[in-house]
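Visitor: Dropping a structure here in structure tokens format, bear with me for questions.
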Amino acid sequence: MFNLNQIRLDFPILNSTRNNQPLVYFDNAATTQKPKIVIDTISDFYSNYNSNIQRGMYFLADRATTEFEKSRRVVRKFLNAQLKEEIIFTSGTTQSINMVAFGFLNTVSSAGDEVLIGEMEHHANIVPWQVICDKLKLKIVTIKCCENGKIDIWDLKNKMNSKVKLLAVQQTSNITGHENNIKEICNLAQKQNIKVFVDGAQSVSHKPINLQDLNCDFFSFSGHKCFGPTGVGVLYGKKELLLKMEPFMFGGNMIDLVSFSKSTWGKLPYKFEAGTVNIAGVIGLGAALKYILSLGLNNIQKQEDLLKEKMWEELGAAKNVVMGLTKKPDSPIFSFNIKSTHSYDVGSLLDEMNICVRTGHLCAQPAIKSLGVSGFVRASLCFYNTEEEVSVFISALKRIMKIVNNGN
Ligand code: PLP
């Protein structure tokens, strides 16, 4: 049973107030709130078995290593990856993308080759490719997106050729909430031997992910966007590609043998986990994913569908609201503007009513430019939000419209 009132009690922050106004948290695409089980799991690690992993010969180290590796198995299951060696813990999506850009691309490309990127990607899925392409003398080619931020498949087909070595694309847009058909994109790319990197930062908290079915080559996500801690994330790669890929960070834990003349790297996945990683974060991420699985992604989708329906109808009907999307999103992410009002002003006025949204360029300047605006107000919801909160939000917007129109 999906008991929303009960579920909200799992998230201590959701019951907070400011100036007697309840918190309405609609910035879940930036980061999600944390359930008590995640907070307690991290606290349990530090209170009861804090130690470094994989190297200690004592009980605490053994327990920490066991819990850490349990998280890897949870992630494998959550993504339906084939092997646990294909799951690498990173600091988040950004690090995962940098690892593939700086450790893999050079193994499959030479000067003059091309990398394809969707034109509505988050900066994290643009800048690392740009920097490495510059270094390796590769060309970045952008793929057009349709009005709601989905990759234009015709443009993609036209731009695929034997020079293209990699396509980097997001699964769900952080601006429009629309989802690319990753399976179709991977099918097309594989026919031309193009590797596909999928940025799953905005999809993992909203829908089941089945990597064996999607058949992408790389996939990444951040723990903090799916109810886990900050500073931890995942890079998935197909084993044969990870074997080819070079480490991006070097030091302890990732080695096999070290001498002053030469060092060799450890096995997968450890060769990509240099130094002391975020042990508490990884264990906390495991707890977050287990929490999602315990609620059931189907139940989560049902609740989010209700919220989406209501937001879509009421926001769309509100006078003076200019939507950034023309079709109901796949995930509950709504970008819009209020006529003649800067998004920052709307954000600040909402904040006075204890309503949290994101404003501005949403870390996707090229996308914002292509949509012909200077920024958006973005309300991003998730399963713990309520229909009542949507009503509070819409009323708040109407109040703001009155304030800005009256000039007081
Ligand atoms: N990709 C997308 C689509 C995002 O929305 C974000 C964050 O907002 C990122 C990548 C970067 O994630 P992180 O900052 O957790 O590395």
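FYI, nothing fancy with the structure tokens labels: chains A, B, ... in order, residues from 1 per chain, ligands from 1 as they appear.
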Go through chain A and flag each residue having an atom no more than 6 Å from ligand 1; for those, report the closest pair of atoms plus their distance in Å to one decimal, using only C-alpha atoms and all ligand atoms, ordered by chain and rising number, as JSON lines.

Guide:
{"residue": "A:Ala30", "atom": "CA", "partner": "ligand 1", "partner_atom_place_in_ligand_line": "8 (O)", "distance": 5.1}
{"residue": "A:Gly92", "atom": "CA", "partner": "ligand 1", "partner_atom_place_in_ligand_line": "16 (O)", "distance": 4.5}
{"residue": "A:Thr93", "atom": "CA", "partner": "ligand 1", "partner_atom_place_in_ligand_line": "16 (O)", "distance": 3.9}
{"residue": "A:Thr94", "atom": "CA", "partner": "ligand 1", "partner_atom_place_in_ligand_line": "16 (O)", "distance": 3.7}
{"residue": "A:His122", "atom": "CA", "partner": "ligand 1", "partner_atom_place_in_ligand_line": "1 (N)", "distance": 5.0}
{"residue": "A:Ala124", "atom": "CA", "partner": "ligand 1", "partner_atom_place_in_ligand_line": "10 (C)", "distance": 5.1}
{"residue": "A:Gln170", "atom": "CA", "partner": "ligand 1", "partner_atom_place_in_ligand_line": "3 (C)", "distance": 5.9}
{"residue": "A:Ser173", "atom": "CA", "partner": "ligand 1", "partner_atom_place_in_ligand_line": "3 (C)", "distance": 5.8}
{"residue": "A:Asn174", "atom": "CA", "partner": "ligand 1", "partner_atom_place_in_ligand_line": "5 (O)", "distance": 4.7}
{"residue": "A:Asp199", "atom": "CA", "partner": "ligand 1", "partner_atom_place_in_ligand_line": "1 (N)", "distance": 5.8}
{"residue": "A:Ala201", "atom": "CA", "partner": "ligand 1", "partner_atom_place_in_ligand_line": "2 (C)", "distance": 4.9}
{"residue": "A:Gln202", "atom": "CA", "partner": "ligand 1", "partner_atom_place_in_ligand_line": "3 (C)", "distance": 5.4}
{"residue": "A:Ser222", "atom": "CA", "partner": "ligand 1", "partner_atom_place_in_ligand_line": "15 (O)", "distance": 4.8}

Visitor: List the spatial neighbours of Ile283 in chain A as a ChimeraX atom specification - criterion: any atom at most 7 Å away, only C-alpha atoms, same-chain residues fewer than 6 positions off excluded.

Guide: /A:67-68,71

Visitor: Show me a table, sorted first by chain and then by increasing residue number, of the residues of range 21-74 of chain A having an atom at most 8 Å from range 341-355 of chain A, each with its shortest atom pair and the distance in Å to one decimal, counting only C-alpha atoms and written as JSON lines.

Guide:
{"residue": "A:Gln21", "atom": "CA", "partner": "A:Asn354", "partner_atom": "CA", "distance": 6.2}
{"residue": "A:Pro22", "atom": "CA", "partner": "A:Asn354", "partner_atom": "CA", "distance": 6.7}
{"residue": "A:Leu23", "atom": "CA", "partner": "A:Asn354", "partner_atom": "CA", "distance": 5.3}
{"residue": "A:Val24", "atom": "CA", "partner": "A:Ile355", "partner_atom": "CA", "distance": 4.7}
{"residue": "A:Tyr25", "atom": "CA", "partner": "A:Ile355", "partner_atom": "CA", "distance": 6.0}
{"residue": "A:Phe26", "atom": "CA", "partner": "A:Ile355", "partner_atom": "CA", "distance": 7.1}

Visitor: Generate the output file for the selected residues, N, CA and C atoms, as a PDB file, in the first residue's frame.

Guide:
ATOM      1  N   GLN A  21       4.645  28.690   7.836  1.00  0.00           N
ATOM      2  CA  GLN A  21       4.190  28.182   6.533  1.00  0.00           C
ATOM      3  C   GLN A  21       4.851  26.836   6.276  1.00  0.00           C
ATOM      4  N   PRO A  22       4.071  25.838   5.919  1.00  0.00           N
ATOM      5  CA  PRO A  22       4.682  24.525   5.676  1.00  0.00           C
ATOM      6  C   PRO A  22       5.613  24.577   4.471  1.00  0.00           C
ATOM      7  N   LEU A  23       6.639  23.746   4.505  1.00  0.00           N
ATOM      8  CA  LEU A  23       7.573  23.685   3.381  1.00  0.00           C
ATOM      9  C   LEU A  23       6.898  23.017   2.182  1.00  0.00           C
ATOM     10  N   VAL A  24       7.005  23.677   1.018  1.00  0.00           N
ATOM     11  CA  VAL A  24       6.599  23.017  -0.234  1.00  0.00           C
ATOM     12  C   VAL A  24       7.873  22.878  -1.055  1.00  0.00           C
ATOM     13  N   TYR A  25       8.365  21.655  -1.147  1.00  0.00           N
ATOM     14  CA  TYR A  25       9.652  21.445  -1.802  1.00  0.00           C
ATOM     15  C   TYR A  25       9.430  20.941  -3.229  1.00  0.00           C
ATOM     16  N   PHE A  26       9.596  21.859  -4.184  1.00  0.00           N
ATOM     17  CA  PHE A  26       9.408  21.525  -5.607  1.00  0.00           C
ATOM     18  C   PHE A  26      10.728  21.717  -6.366  1.00  0.00           C
TER      19      PHE A  26
END

Visitor: Can you tell me, as a compact mmCIF listing (two decimals) with N, CA and C atoms, in the first residue's frame, what residues are no more than 7 Å from range 302-317 of chain A when counting only C-alpha atoms, ignoring any on the same chain fewer than 3 positions away?

Guide:
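Result file result_21.txt:
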# COMPACT_ATOMS: atom_id res chain seq x y z
N ASN A 298 6.45 1.34 -9.53
CA ASN A 298 5.13 1.47 -10.18
C ASN A 298 4.23 2.37 -9.34
N ASN A 299 4.30 2.20 -8.01
CA ASN A 299 3.50 3.05 -7.12
C ASN A 299 3.98 4.50 -7.19
N LYS A 328 2.48 17.32 -22.06
CA LYS A 328 2.67 16.87 -20.67
C LYS A 328 3.99 16.11 -20.55
N PRO A 332 7.63 14.51 -13.64
CA PRO A 332 6.95 15.75 -13.20
C PRO A 332 7.87 16.96 -13.06
N CYS A 382 8.10 15.15 -6.93
CA CYS A 382 8.35 13.71 -6.85
C CYS A 382 7.27 13.09 -5.98
N PHE A 383 7.38 11.78 -5.74
CA PHE A 383 6.26 11.04 -5.16
C PHE A 383 5.81 11.55 -3.80
N GLU A 387 -1.17 16.63 -3.82
CA GLU A 387 -2.03 17.45 -4.68
C GLU A 387 -2.33 18.78 -3.99
N VAL A 390 0.30 21.18 -4.74
CA VAL A 390 0.14 21.76 -6.09
C VAL A 390 -0.84 22.93 -6.01
N ILE A 394 -0.09 26.82 -6.99
CA ILE A 394 -0.83 27.58 -8.01
C ILE A 394 -1.40 28.87 -7.39

Visitor: With only C-alpha atoms as the counted atoms, please give the residues lying no more than 7 Å from Gly112 in chain A, apart from itself and same-chain residues fewer than 5 positions off, as a ChimeraX atom specification.

Guide: /A:137-139

Visitor: Keeping only all heavy atoms, write those residues as a short mmCIF file (atom, residue, chain, number, x, y, z; two decimals), in the first residue's frame.

Guide:
data_model
loop_
_atom_site.label_atom_id
_atom_site.label_comp_id
_atom_site.auth_asym_id
_atom_site.auth_seq_id
_atom_site.Cartn_x
_atom_site.Cartn_y
_atom_site.Cartn_z
N LYS A 137 41.56 16.66 -30.53
CA LYS A 137 41.26 17.17 -31.88
C LYS A 137 40.09 16.40 -32.51
O LYS A 137 40.12 15.98 -33.66
CB LYS A 137 42.51 17.11 -32.78
CG LYS A 137 43.69 17.87 -32.18
CD LYS A 137 44.63 18.38 -33.22
CE LYS A 137 45.72 19.29 -32.71
NZ LYS A 137 45.67 19.76 -31.34
N LEU A 138 39.06 16.22 -31.72
CA LEU A 138 37.82 15.62 -32.21
C LEU A 138 36.80 16.74 -32.40
O LEU A 138 36.95 17.82 -31.83
CB LEU A 138 37.26 14.60 -31.20
CG LEU A 138 38.23 13.56 -30.64
CD1 LEU A 138 37.52 12.67 -29.64
CD2 LEU A 138 38.82 12.72 -31.76
N LYS A 139 35.74 16.43 -33.15
CA LYS A 139 34.74 17.47 -33.40
C LYS A 139 33.46 17.13 -32.64
O LYS A 139 33.02 15.97 -32.67
CB LYS A 139 34.48 17.47 -34.92
CG LYS A 139 33.68 18.64 -35.40
CD LYS A 139 33.61 18.64 -36.92
CE LYS A 139 32.41 19.42 -37.38
NZ LYS A 139 32.01 19.07 -38.73
#

Visitor: Residues within 10 Å of Phe78 in chain A, please, as a list in words. Count only C-alpha atoms; anything in the same chain fewer than 2 positions from it doesn't count.

Guide: Arg72, Arg73, Val74, Val75, Arg76, Asn80, Ala81, Val204, Pro208, Ile209, Asn210, Leu211, Gly286, Leu289, Lys290, Ile292 and Leu293 of chain A

Visitor: How about saving the chosen residues, N, CA, C and O atoms kept, as a CSV table (one decimal), in the first residue's frame?

Guide:
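As written to disk, selection-v4.csv reads:
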chain,number,residue,atom,x,y,z
A,72,ARG,N,26.8,-2.2,-3.8
A,72,ARG,CA,27.1,-2.4,-5.2
A,72,ARG,C,26.1,-3.4,-5.8
A,72,ARG,O,25.6,-3.3,-6.9
A,73,ARG,N,25.8,-4.4,-4.9
A,73,ARG,CA,24.8,-5.4,-5.4
A,73,ARG,C,23.4,-4.8,-5.5
A,73,ARG,O,22.7,-5.1,-6.5
A,74,VAL,N,23.1,-3.9,-4.6
A,74,VAL,CA,21.8,-3.3,-4.7
A,74,VAL,C,21.7,-2.4,-6.0
A,74,VAL,O,20.7,-2.4,-6.7
A,75,VAL,N,22.8,-1.7,-6.3
A,75,VAL,CA,22.8,-0.9,-7.5
A,75,VAL,C,22.7,-1.7,-8.7
A,75,VAL,O,21.9,-1.4,-9.6
A,76,ARG,N,23.4,-2.8,-8.7
A,76,ARG,CA,23.3,-3.7,-9.9
A,76,ARG,C,21.9,-4.2,-10.1
A,76,ARG,O,21.4,-4.1,-11.2
A,80,ASN,N,19.4,-3.3,-13.1
A,80,ASN,CA,19.4,-4.6,-13.9
A,80,ASN,C,20.7,-4.6,-14.8
A,80,ASN,O,20.6,-4.9,-16.0
A,81,ALA,N,21.8,-4.3,-14.2
A,81,ALA,CA,23.1,-4.5,-15.0
A,81,ALA,C,23.4,-6.0,-14.9
A,81,ALA,O,22.9,-6.7,-14.0
A,204,VAL,N,16.4,8.1,-12.9
A,204,VAL,CA,16.4,7.0,-11.9
A,204,VAL,C,15.4,7.1,-10.8
A,204,VAL,O,14.9,6.1,-10.3
A,208,PRO,N,11.6,2.7,-13.5
A,208,PRO,CA,12.5,1.6,-13.5
A,208,PRO,C,13.5,1.6,-14.6
A,208,PRO,O,13.2,2.0,-15.7
A,209,ILE,N,14.8,1.3,-14.3
A,209,ILE,CA,15.8,1.3,-15.3
A,209,ILE,C,16.2,-0.2,-15.6
A,209,ILE,O,16.5,-0.9,-14.6
A,210,ASN,N,16.3,-0.5,-16.8
A,210,ASN,CA,16.7,-1.9,-17.1
A,210,ASN,C,17.8,-1.8,-18.2
A,210,ASN,O,17.6,-1.7,-19.4
A,211,LEU,N,19.0,-1.8,-17.7
A,211,LEU,CA,20.2,-1.6,-18.5
A,211,LEU,C,20.4,-2.7,-19.6
A,211,LEU,O,20.8,-2.4,-20.7
A,286,GLY,N,22.9,2.8,-1.0
A,286,GLY,CA,22.3,1.5,-1.0
A,286,GLY,C,20.9,1.5,-0.3
A,286,GLY,O,19.9,1.0,-0.7
A,289,LEU,N,18.2,3.3,-2.4
A,289,LEU,CA,17.7,2.5,-3.5
A,289,LEU,C,16.8,1.4,-2.9
A,289,LEU,O,15.7,1.1,-3.5
A,290,LYS,N,17.2,0.9,-1.8
A,290,LYS,CA,16.3,-0.2,-1.2
A,290,LYS,C,15.0,0.5,-0.8
A,290,LYS,O,13.9,-0.1,-0.9
A,292,ILE,N,13.5,3.0,-2.3
A,292,ILE,CA,12.7,3.2,-3.5
A,292,ILE,C,12.0,1.9,-3.9
A,292,ILE,O,10.8,1.8,-4.2
A,293,LEU,N,12.8,0.8,-3.8
A,293,LEU,CA,12.3,-0.5,-4.2
A,293,LEU,C,11.2,-0.9,-3.3
A,293,LEU,O,10.2,-1.6,-3.7

Visitor: Please provide as a PyMOL selection string all residues within 8 Å of range 149-151 of chain A, with the sequence filter that same-chain residues fewer than 3 positions apart are discarded (counting only C-alpha atoms).

Guide: chain A and resi 118+120+143-146+156+173+175-176+178-180

Visitor: For Leu9 in chain A, work out the shell of residues within 9 Å, counting only C-alpha atoms and skipping chain neighbours fewer than 5 positions away, then give it as a short mmCIF file (atom, residue, chain, number, x, y, z; two decimals) with all heavy atoms, in the first residue's frame.

Guide:
data_model
loop_
_atom_site.label_atom_id
_atom_site.label_comp_id
_atom_site.auth_asym_id
_atom_site.auth_seq_id
_atom_site.Cartn_x
_atom_site.Cartn_y
_atom_site.Cartn_z
N LEU A 4 0.57 7.85 1.42
CA LEU A 4 1.34 9.09 1.27
C LEU A 4 1.62 9.79 2.60
O LEU A 4 2.74 10.25 2.85
CB LEU A 4 0.63 10.03 0.28
CG LEU A 4 1.39 11.27 -0.12
CD1 LEU A 4 2.76 10.96 -0.69
CD2 LEU A 4 0.59 12.06 -1.16
N LEU A 14 10.26 17.34 5.48
CA LEU A 14 8.96 17.68 4.85
C LEU A 14 7.96 18.20 5.87
O LEU A 14 6.96 18.81 5.52
CB LEU A 14 8.37 16.47 4.12
CG LEU A 14 9.16 15.97 2.92
CD1 LEU A 14 8.43 14.81 2.25
CD2 LEU A 14 9.40 17.09 1.90
N ASN A 15 8.23 17.92 7.14
CA ASN A 15 7.29 18.38 8.17
C ASN A 15 7.73 19.70 8.80
O ASN A 15 7.18 20.14 9.79
CB ASN A 15 7.14 17.29 9.24
CG ASN A 15 6.64 16.02 8.60
OD1 ASN A 15 5.60 16.03 7.93
ND2 ASN A 15 7.41 14.94 8.72
N PRO A 35 15.09 10.25 3.19
CA PRO A 35 14.28 9.57 4.21
C PRO A 35 15.15 9.22 5.43
O PRO A 35 16.36 9.11 5.32
CB PRO A 35 13.81 8.29 3.50
CG PRO A 35 14.81 8.05 2.43
CD PRO A 35 15.36 9.40 2.03
N LYS A 36 14.45 9.03 6.55
CA LYS A 36 15.16 8.78 7.81
C LYS A 36 16.04 7.55 7.71
O LYS A 36 17.13 7.51 8.28
CB LYS A 36 14.10 8.62 8.92
CG LYS A 36 14.66 8.90 10.27
CD LYS A 36 13.59 9.22 11.28
CE LYS A 36 14.21 9.40 12.65
NZ LYS A 36 14.99 8.27 13.13
#

Visitor: Identify, with DSSP run on backbone atoms, the residues in range 221-311 of chain A assigned to alpha helix (DSSP H), and express the list as a VMD selection string.

Guide: chain A and resid 239 to 244 279 to 295 297 to 311

Visitor: Go through A:Ile300, A:Ala101, A:Leu397, A:Ile153 one by one, measure the shortest atom-to-atom distance of each to Val131 in chain A using only C-alpha atoms, and give the residue with the smallest value.

Guide: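 Of A:Ile300, A:Ala101, A:Leu397, A:Ile153, the one nearest Val131 in chain A is A:Ala101, counting only C-alpha atoms.
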